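Chemist: So here's data.csv (CSV, C-alpha atoms).
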chain,number,residue,atom,x,y,z
N,94,SER,CA,146.6,86.0,64.9
N,95,ALA,CA,142.9,86.2,64.1
N,96,VAL,CA,140.2,83.7,63.1
N,97,ILE,CA,137.7,85.0,60.5
N,98,SER,CA,134.5,83.5,59.4
N,99,GLN,CA,132.3,84.5,56.5
N,100,LYS,CA,128.7,83.8,55.6
N,101,PRO,CA,127.6,82.6,53.2
N,102,SER,CA,130.5,80.5,52.0
N,103,ARG,CA,128.9,80.6,48.5
N,104,ASP,CA,125.8,81.7,46.7
N,105,ILE,CA,124.2,81.7,43.3
N,106,CYS,CA,122.2,84.9,42.7
N,107,GLN,CA,120.1,86.3,39.9
N,108,ARG,CA,121.1,89.5,38.2
N,109,GLY,CA,119.5,92.6,39.7
N,110,THR,CA,119.4,91.3,43.2
N,111,SER,CA,121.6,92.1,46.2
N,112,LEU,CA,123.6,89.9,48.5
N,113,THR,CA,125.0,90.8,51.9
N,114,ILE,CA,128.1,89.0,53.1
N,115,GLN,CA,128.9,88.8,56.8
N,116,CYS,CA,132.4,88.8,58.3
N,117,GLN,CA,132.9,87.8,62.0
N,118,VAL,CA,136.3,88.0,63.7
N,119,ASP,CA,137.2,86.2,67.0
N,120,SER,CA,138.9,89.3,68.5
N,121,GLN,CA,138.4,93.1,68.4
N,122,VAL,CA,140.2,94.7,65.5
N,123,THR,CA,140.4,98.2,64.3
N,124,MET,CA,141.2,97.7,60.6
N,125,MET,CA,139.0,95.5,58.4
N,126,PHE,CA,139.2,95.2,54.7
N,127,TRP,CA,137.1,93.8,51.9
N,128,TYR,CA,138.7,92.3,48.8
N,129,ARG,CA,137.4,90.9,45.5
N,130,GLN,CA,139.0,88.1,43.5
N,131,GLN,CA,137.7,87.7,40.0
N,132,PRO,CA,138.1,84.3,38.3
N,133,GLY,CA,141.7,83.7,37.5
N,134,GLN,CA,142.8,87.0,38.9
N,135,SER,CA,144.7,88.2,42.0
N,136,LEU,CA,143.0,90.0,44.9
N,137,THR,CA,141.8,93.6,44.6
N,138,LEU,CA,141.0,95.8,47.5
N,139,ILE,CA,137.5,97.1,47.5
N,140,ALA,CA,137.4,99.2,50.7
N,141,THR,CA,138.7,99.7,54.2
N,142,ALA,CA,136.1,99.5,57.0
N,143,ASN,CA,136.8,101.1,60.3
N,144,GLN,CA,134.3,101.1,63.2
N,145,GLY,CA,132.7,104.4,63.8
N,146,SER,CA,133.5,105.9,60.5
N,147,GLU,CA,132.4,105.5,56.9
N,148,ALA,CA,134.2,103.0,54.7
N,149,THR,CA,137.0,104.2,52.5
N,150,TYR,CA,136.6,102.9,48.9
N,151,GLU,CA,139.4,102.2,46.4
N,152,SER,CA,139.3,103.6,42.9
N,153,GLY,CA,136.7,101.9,40.8
N,154,PHE,CA,134.5,100.9,43.7
N,155,VAL,CA,131.6,103.0,45.0
N,156,ILE,CA,129.4,103.0,48.1
N,157,ASP,CA,126.1,102.6,46.1
N,158,LYS,CA,127.4,99.4,44.6
N,159,PHE,CA,129.2,98.0,47.6
N,160,PRO,CA,127.7,99.4,50.8
N,161,ILE,CA,129.6,98.4,53.9
N,162,SER,CA,128.6,98.3,57.6
N,163,ARG,CA,131.0,98.1,60.6
N,164,PRO,CA,128.8,98.2,63.7
N,165,ASN,CA,131.5,97.0,66.1
N,166,LEU,CA,135.1,95.8,66.3
N,167,THR,CA,134.4,92.2,65.5
N,168,PHE,CA,131.8,92.4,62.7
N,169,SER,CA,131.3,93.8,59.2
N,170,THR,CA,129.1,93.3,56.2
N,171,LEU,CA,129.6,93.9,52.5
N,172,THR,CA,126.6,94.2,50.2
N,173,VAL,CA,126.9,93.6,46.5
N,174,SER,CA,124.0,95.6,45.0
N,175,ASN,CA,122.1,95.2,41.8
N,176,MET,CA,124.3,92.3,40.8
N,177,SER,CA,125.4,91.5,37.2
N,178,PRO,CA,127.4,88.5,36.0
N,179,GLU,CA,130.5,90.6,36.1
N,180,ASP,CA,130.2,90.6,39.9
N,181,SER,CA,130.8,86.9,40.0
N,182,SER,CA,133.9,86.7,42.2
N,183,ILE,CA,135.2,85.5,45.5
N,184,TYR,CA,134.7,88.2,48.2
N,185,LEU,CA,137.2,88.2,51.1
N,186,CYS,CA,137.2,89.8,54.4
N,187,SER,CA,140.5,90.7,56.0
N,188,VAL,CA,141.8,92.2,59.2
N,189,ARG,CA,145.0,93.7,60.4
N,190,VAL,CA,146.4,92.9,63.8
N,191,ARG,CA,149.3,94.1,65.8
N,192,ALA,CA,152.2,91.7,66.1
N,193,ALA,CA,155.2,92.7,68.2
N,194,SER,CA,156.8,95.7,66.3
N,195,SER,CA,154.9,95.2,63.1
N,196,TYR,CA,151.5,94.2,61.7
N,197,GLU,CA,150.0,91.1,60.2
N,198,GLN,CA,147.0,90.8,58.0
N,199,TYR,CA,144.7,87.8,58.0
N,200,PHE,CA,142.0,86.6,55.6
N,201,GLY,CA,138.6,84.9,55.9
N,202,PRO,CA,137.8,81.8,53.8
N,203,GLY,CA,135.9,83.9,51.2
N,204,THR,CA,132.4,84.0,49.8
N,205,ARG,CA,132.1,82.6,46.3
N,206,LEU,CA,129.4,84.5,44.4
N,207,THR,CA,128.0,83.4,41.1
N,208,VAL,CA,125.6,85.8,39.3
N,209,THR,CA,123.4,84.3,36.6
S,239,ASP,CA,154.2,100.2,48.8
S,240,ALA,CA,157.2,99.0,46.8
S,241,LYS,CA,156.6,96.9,43.7
S,242,THR,CA,157.7,93.2,43.7
S,243,THR,CA,158.7,90.9,40.9
S,244,GLN,CA,158.2,87.1,41.2
S,245,PRO,CA,158.4,84.3,38.6
S,246,THR,CA,155.1,83.3,37.2
S,247,SER,CA,155.4,79.6,38.0
S,248,MET,CA,157.8,77.1,39.5
S,249,ASP,CA,157.9,73.3,40.0
S,250,CYS,CA,159.4,71.5,42.9
S,251,ALA,CA,159.8,67.8,43.7
S,252,GLU,CA,158.0,66.5,46.7
S,253,GLY,CA,160.3,66.3,49.7
S,254,ARG,CA,162.8,68.8,48.3
S,255,ALA,CA,163.2,72.4,49.4
S,256,ALA,CA,161.2,74.9,47.5
S,257,ASN,CA,163.0,78.2,47.1
S,258,LEU,CA,160.7,81.1,45.9
S,259,PRO,CA,162.5,84.3,44.9
S,260,CYS,CA,161.1,87.8,45.1
S,261,ASN,CA,162.7,91.1,43.9
S,262,HIS,CA,161.8,94.3,45.6
S,263,SER,CA,164.5,96.8,44.6
S,264,THR,CA,162.6,99.9,45.6
S,265,ILE,CA,161.8,98.8,49.1
S,266,SER,CA,161.8,101.5,51.7
S,267,GLY,CA,163.4,101.4,55.1
S,268,ASN,CA,160.1,100.9,57.0
S,269,GLU,CA,158.6,98.3,54.7
S,270,TYR,CA,158.4,94.7,55.6
S,271,VAL,CA,158.4,91.7,53.3
S,272,TYR,CA,155.3,89.6,53.7
S,273,TRP,CA,154.6,86.2,52.2
S,274,TYR,CA,151.2,84.7,51.7
S,275,ARG,CA,149.9,81.7,49.9
S,276,GLN,CA,146.6,80.9,48.4
S,277,ILE,CA,145.6,77.3,47.9
S,278,HIS,CA,142.9,76.9,45.2
S,279,SER,CA,139.8,79.0,46.0
S,280,GLN,CA,140.7,79.5,49.7
S,281,GLY,CA,141.5,82.7,51.5
S,282,PRO,CA,145.1,83.7,51.4
S,283,GLN,CA,147.2,82.2,54.3
S,284,TYR,CA,149.8,84.2,56.1
S,285,ILE,CA,153.2,82.5,56.0
S,286,ILE,CA,155.9,84.8,57.4
S,287,HIS,CA,157.2,88.3,57.3
S,288,GLY,CA,160.4,90.1,58.1
S,289,LEU,CA,162.2,93.5,58.0
S,290,LYS,CA,165.9,92.8,57.5
S,291,ASN,CA,166.8,89.7,59.5
S,292,ASN,CA,166.2,86.2,58.4
S,293,GLU,CA,163.1,84.7,59.9
S,294,THR,CA,161.9,81.2,60.5
S,295,ASN,CA,158.7,79.7,61.7
S,296,GLU,CA,157.0,76.3,61.6
S,297,MET,CA,155.9,76.8,58.0
S,298,ALA,CA,158.9,78.4,56.3
S,299,SER,CA,162.1,80.4,56.3
S,300,LEU,CA,162.5,83.9,54.9
S,301,ILE,CA,165.9,85.0,53.7
S,302,ILE,CA,166.3,88.7,53.0
S,303,THR,CA,169.5,90.0,51.3
S,304,GLU,CA,171.6,92.5,53.2
S,305,ASP,CA,170.6,95.3,50.8
S,306,ARG,CA,166.9,94.2,51.2
S,307,LYS,CA,166.4,94.4,47.5
S,308,SER,CA,165.4,90.7,47.2
S,309,SER,CA,164.2,87.8,49.4
S,310,THR,CA,163.6,84.1,49.2
S,311,LEU,CA,160.9,82.1,50.8
S,312,ILE,CA,162.1,78.6,51.6
S,313,LEU,CA,159.7,75.6,52.2
S,314,PRO,CA,162.2,73.1,53.6
S,315,HIS,CA,160.4,69.9,52.6
S,316,ALA,CA,157.7,70.6,50.1
S,317,THR,CA,154.6,68.4,50.1
S,318,LEU,CA,151.8,68.1,47.6
S,319,ARG,CA,149.7,70.3,49.9
S,320,ASP,CA,152.1,73.1,49.4
S,321,THR,CA,150.9,73.5,45.8
S,322,ALA,CA,149.5,77.0,45.7
S,323,VAL,CA,150.0,80.6,44.5
S,324,TYR,CA,152.6,82.3,46.7
S,325,TYR,CA,152.5,86.1,47.0
S,326,CYS,CA,155.4,88.3,48.0
S,327,ILE,CA,154.2,91.7,49.2
S,328,VAL,CA,156.2,94.7,50.5
S,329,SER,CA,154.4,97.0,52.8
S,330,ALA,CA,154.7,99.1,55.9
S,331,LEU,CA,151.1,98.3,56.8
S,332,THR,CA,150.7,101.5,58.7
S,333,GLY,CA,147.8,103.9,58.7
S,334,ARG,CA,145.0,102.7,56.5
S,335,ARG,CA,147.2,100.6,54.3
S,336,ALA,CA,146.1,97.2,53.3
S,337,LEU,CA,148.2,94.6,51.5
S,338,THR,CA,148.3,95.0,47.7
S,339,PHE,CA,148.5,91.6,45.9
S,340,GLY,CA,150.4,91.1,42.6
S,341,SER,CA,150.2,88.0,40.5
S,342,GLY,CA,152.4,85.8,42.7
S,343,THR,CA,154.2,82.6,41.8
S,344,ARG,CA,152.3,79.4,41.1
S,345,LEU,CA,154.2,76.6,42.8
S,346,GLN,CA,153.4,73.1,41.6
S,347,VAL,CA,154.8,70.4,43.8
S,348,GLN,CA,155.4,67.2,41.8
S,349,PRO,CA,155.1,63.7,43.3
Spell out the structure here as structure tokens.
Modeler:
Amino acid sequence: SAVISQKPSRDICQRGTSLTIQCQVDSQVTMMFWYRQQPGQSLTLIATANQGSEATYESGFVIDKFPISRPNLTFSTLTVSNMSPEDSSIYLCSVRVRAASSYEQYFGPGTRLTVT
Amino acid sequence: DAKTTQPTSMDCAEGRAANLPCNHSTISGNEYVYWYRQIHSQGPQYIIHGLKNNETNEMASLIITEDRKSSTLILPHATLRDTAVYYCIVSALTGRRALTFGSGTRLQVQP
């Protein structure tokens, strides 16, 4: 398994500003992911972040809006840029780890962002 | 990844077994069935996963039909703390794939 922490746990931000969310894992992992969960909705994958390469973004998400850093195998950041109220969501970091003959994916506690 | 179908919501009495069904008729041979749950506003919690054999751990049991087109997650003695949204996800989780979440089943455990 993997233990994931995120900072901040929540924040209230003004529109037009940016927020950087940090994700720390207790072990080295190759695959890290960032998800968004809008109010009342399910989780949506934003991007895959691998160490040593640029993040791969899903349809509807762009690097200018959600820049991601992955400096090493235990840490990543997601920035929500030029925020608007529509960006109010829970942002979740996730990692994939090897388990016997398959894989498991674990999630952080999330960062609850409110944009006013 | 194969699509899954789950009931929108279910109720269960505290202390009774909660049986959550999932249909995945287009599952491929290398895809696993994963179950997660999300208690209000927390990150999703891994419960269990399996390929074709039934699996059991300290949280739950996973029963997969022989044709692998459906499965059931069993919480043997539901408590109020098991009230959550339960997600059934089918994935090979290879390459760059990440889990894709559907709407899940909202389980309400009643006292």
Chemist: Restrict the distance test to only C-alpha atoms, flag each residue of chain N within 12 Å of chain S, and return the flagged residues as a PyMOL selection string.
Modeler: chain N and resi 94-99+102-103+123-143+148-151+182-206
Chemist: Could you state the separation of atom CA of S:Arg319 and atom CA of S:Ile301 in Å, given to one decimal place?
Modeler: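 Interatomic distance here is 22.2 Å.
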Chemist: For atom CA of S:Asn295 and atom CA of S:Thr310, determine how far apart the two atoms are, in Å to one decimal place.
Modeler: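 Computed distance, atom CA of S:Asn295 to atom CA of S:Thr310, equals 14.1 Å.
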Chemist: Could you check how far atom CA of N:Val208 sits from atom CA of N:Asp104, in Å to one decimal?
Modeler: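 Atom-to-atom, atom CA of N:Val208 to atom CA of N:Asp104, that is 8.5 Å.
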Chemist: With all atoms listed in the file as the atoms that count, which of S:Ala322, S:Val347, S:Leu300, S:Leu311 lies nearest to S:Pro259?
Modeler: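 Among the listed residues, the smallest separation from S:Pro259 belongs to S:Leu311.
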Chemist: Please provide the set of residues having any atom within 9 Å of N:Ser174, restricted to only C-alpha atoms, with same-chain residues fewer than 6 positions apart removed, written as a list of chain:residue names.
Modeler: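 Close residues of N:Ser174: N:Gly109, N:Thr110, N:Ser111, N:Leu112, N:Thr113, N:Asp157, N:Lys158, N:Phe159, N:Pro160.
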Chemist: Pick the closest to S:Arg275 from S:Ser309, S:Gln348, S:Pro314, S:Asp320: which is it, counting all atoms listed in the file?
Modeler: S:Asp320
Chemist: When you look at stretch 241-251 of chain S with a cut-off of 9 Å (counting all atoms listed in the file), what residues show up, excluding the ones that are within fewer than 5 positions of it in the same chain? I need them as a short mmCIF file (atom, residue, chain, number, x, y, z; two decimals) with C-alpha atoms, in the coordinates of the input.
Modeler:
data_model
loop_
_atom_site.label_atom_id
_atom_site.label_comp_id
_atom_site.auth_asym_id
_atom_site.auth_seq_id
_atom_site.Cartn_x
_atom_site.Cartn_y
_atom_site.Cartn_z
CA ALA S 256 161.20 74.90 47.50
CA ASN S 257 163.00 78.20 47.10
CA LEU S 258 160.70 81.10 45.90
CA PRO S 259 162.50 84.30 44.90
CA CYS S 260 161.10 87.80 45.10
CA ASN S 261 162.70 91.10 43.90
CA HIS S 262 161.80 94.30 45.60
CA SER S 263 164.50 96.80 44.60
CA THR S 264 162.60 99.90 45.60
CA ILE S 265 161.80 98.80 49.10
CA SER S 308 165.40 90.70 47.20
CA ALA S 316 157.70 70.60 50.10
CA THR S 317 154.60 68.40 50.10
CA LEU S 318 151.80 68.10 47.60
CA VAL S 323 150.00 80.60 44.50
CA TYR S 325 152.50 86.10 47.00
CA CYS S 326 155.40 88.30 48.00
CA ILE S 327 154.20 91.70 49.20
CA VAL S 328 156.20 94.70 50.50
CA GLY S 340 150.40 91.10 42.60
CA SER S 341 150.20 88.00 40.50
CA GLY S 342 152.40 85.80 42.70
CA THR S 343 154.20 82.60 41.80
CA ARG S 344 152.30 79.40 41.10
CA LEU S 345 154.20 76.60 42.80
CA GLN S 346 153.40 73.10 41.60
CA VAL S 347 154.80 70.40 43.80
CA GLN S 348 155.40 67.20 41.80
CA PRO S 349 155.10 63.70 43.30
#
